[in-house]
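One structure below.
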Amino acid sequence: MNFRSAQPQIKRQNSNKYRQNENEKLVRKLDFKNSTLGDIFAAHASSIGGLEDGRQTKVSFQKFLFIDQVCCIFDLIGLGLSVIQYDLEFNENDDEVSMWLLWLIFTSSCCLLILTVYRYEAYIAWLKIRKQISNDDNILSSGEFPMMAIELFVYCVIPYPFTTKIRLYFFNSVQQAEAYYHVNEILSLFMISRGFYVIRTVLTMTFWYSNRTQRVCNLYACEGNYMFVSKSLMRTSPYTTQMFAIVSLIFSFGYAVRICEAPLGRNDPVSNNLGLYSNAIWNIIITIMTVGYGDFYTRTDLGRFVIFIVCVMGIFIVSTMVVTLIESLKTTTLESHAITVLERVALRDQLKEEAASCIILMARTTIGWRNGTLSKKQHHNLIIKLKQKLIQFKITLRRYKSVVDSGSLNEEITNQFHMLKKDFDELMENQKKLLSTNQEIMARLGVDGKLLPSLSQA
């Protein structure tokens, strides 16, 4: 009984000690006079979430990148095998090889599903070390579960071994005939969406998606996500980025159009056959560049839907290319100043030449008229030429003055800075001379001049 009655008292004492320690931590103040800025920041680091360990962050980020790149490799393996298997199943030959490829695609996709879960777990661990989320958060509470679920669903859409040779018939109004898709052909069409995650991995391998980048973005209160990487690439290397995007879109959507339009080639393999990859790529090129010759066009509903997406993206890409070209042709401030100076030099040389020609014509006219070596007609022609040269000289002079006036403000500011610097240098030289003169006077008078350098330094 005594032991049981003493237990609540011990718990109360422990709780009181814990509260007292917590209150002392809250009330305890740092000695600001004898502490450095690092001590103050470290003392208050716990209240702002703590500081990340750079080494642990780097190791965690490298682990995340490694898993992401392995996922990309399995993704590319699945896409490559599906391209080979599509041709085999479309032509309905080599069923054994096609079945083996389907099982390889299924196995690689299963491995990809497992690796994707590990990828998101590594990403969550990296965020925890960076102090972006709390240590108690998981995939569900961190908000990454919807993106992971979508990615897992995309990886599940593959041509399966147990859906081979299943046909979906449809009536084409253009050919007025019946055609069919294999189910695995439709699944291969939707499997192209995996290319988005391949591009995501390519973005993570750039300089703009690194551990250092994330720290700088946190410093300036911006998100270092994939959109930030895209903006950085468009700013630093716009032409390379756009060329990569255009080539990727042409080959991926060309393959999609081929899958959509190939069934019509079974009925008519000659006219408007987009089942050939070369014709499909040409159709995408003339569509994405908003040209549209009309020599090849889609005739199925799936093909028209793909071309609609290509048209929208083509407008965006072409407009982006025009804006990039215009921005690259704009002159910077220093380039504008250089152009103004060169234009002024060219106009000054032109003024000299025109002034010299005016003086020569004036001398020829005056001397010839006085000596009587010119007829009235020749004298009249020289007067007309002299007037034309004077008019051209006035026009060039006005252009020269306008160029001088446009660049005079920048030159005036620059000249003022140079004058201020010159005055400051002269002032410093006079001060040095004055100090040396005072030291000589003090030495002659026998006065201690040790205070003078200290005053000069002050």
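Identifiers for the structure tokens are assigned positionally: chains receive A, B, ... in sequence, residues are indexed from 1 per chain, and ligands are indexed from 1 in the order shown.
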Test item: residues at most 12 Å from stretch 175-187 of chain A, only C-alpha atoms, excluding those fewer than 5 positions along its chain, as JSON, numbers by chain = {"A": [79, 82, 83, 84, 85, 86, 87, 88, 89, 90, 91, 92, 98, 99, 102, 105, 154, 155, 156, 157, 158, 159, 160, 161, 162, 163, 164, 165, 166, 167, 168, 169, 170, 192, 193, 194, 255, 256, 257, 258, 259, 260, 261, 262, 263, 264, 265, 266, 267, 268, 269, 271, 272, 298, 299, 300, 302, 303]}
Per residue of stretch 144-243 of chain A within 12 Å of stretch 322-337 of chain A, which atom pair is closest and at what distance in Å (one decimal), using only C-alpha atoms, listed by chain and increasing number, as a tab-separated table?
residue	atom	partner	partner_atom	distance
A:Met234	CA	A:Thr324	CA	8.7
A:Arg235	CA	A:Thr324	CA	9.1
A:Thr236	CA	A:Thr324	CA	11.2
A:Ser237	CA	A:Thr324	CA	10.3
A:Pro238	CA	A:Thr324	CA	7.0
A:Tyr239	CA	A:Thr324	CA	7.9
A:Thr240	CA	A:Thr324	CA	11.5
A:Thr241	CA	A:Thr324	CA	11.1
A:Gln242	CA	A:Thr324	CA	9.6
Could you write out that same residue set with N, CA, C and O atoms as a CSV table (one decimal), in the first residue's frame?
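Output file selection-v3.csv follows:
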chain,number,residue,atom,x,y,z
A,234,MET,N,15.9,27.1,-70.2
A,234,MET,CA,15.5,28.0,-71.3
A,234,MET,C,16.2,29.4,-71.2
A,234,MET,O,16.3,30.0,-72.3
A,235,ARG,N,16.7,29.7,-70.1
A,235,ARG,CA,17.4,31.0,-69.9
A,235,ARG,C,18.9,30.8,-70.3
A,235,ARG,O,19.4,31.7,-71.0
A,236,THR,N,19.5,29.7,-69.9
A,236,THR,CA,20.9,29.6,-70.2
A,236,THR,C,21.2,29.0,-71.6
A,236,THR,O,22.2,29.4,-72.2
A,237,SER,N,20.5,28.0,-72.0
A,237,SER,CA,20.7,27.4,-73.3
A,237,SER,C,19.3,27.1,-74.0
A,237,SER,O,18.8,26.0,-74.0
A,238,PRO,N,18.7,28.2,-74.5
A,238,PRO,CA,17.4,28.1,-75.0
A,238,PRO,C,17.3,27.3,-76.3
A,238,PRO,O,16.4,26.5,-76.5
A,239,TYR,N,18.3,27.4,-77.2
A,239,TYR,CA,18.2,26.7,-78.5
A,239,TYR,C,18.4,25.2,-78.3
A,239,TYR,O,17.7,24.4,-79.0
A,240,THR,N,19.3,24.8,-77.5
A,240,THR,CA,19.5,23.4,-77.2
A,240,THR,C,18.3,22.8,-76.6
A,240,THR,O,17.9,21.7,-76.9
A,241,THR,N,17.7,23.5,-75.6
A,241,THR,CA,16.5,22.9,-74.9
A,241,THR,C,15.4,22.8,-75.9
A,241,THR,O,14.7,21.7,-75.9
A,242,GLN,N,15.1,23.8,-76.7
A,242,GLN,CA,14.0,23.7,-77.6
A,242,GLN,C,14.3,22.6,-78.7
A,242,GLN,O,13.3,21.9,-79.1
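Atom CA of A:Glu144 lies 22.4 Å from atom CA of A:Met191.
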- Run DSSP on the backbone and give me the residues of stretch 222-308 of chain A it puts in helix (DSSP H, G or I), as JSON, numbers by chain. {"A": [226, 227, 228, 229, 230, 231, 232, 233, 234, 235, 236, 238, 239, 240, 241, 242, 243, 244, 245, 246, 247, 248, 249, 250, 251, 252, 253, 254, 255, 256, 257, 258, 259, 260, 261, 262, 263, 264, 265, 277, 278, 279, 280, 281, 282, 283, 284, 285, 286, 287, 288, 301, 302, 303, 304, 305, 306, 307, 308]}
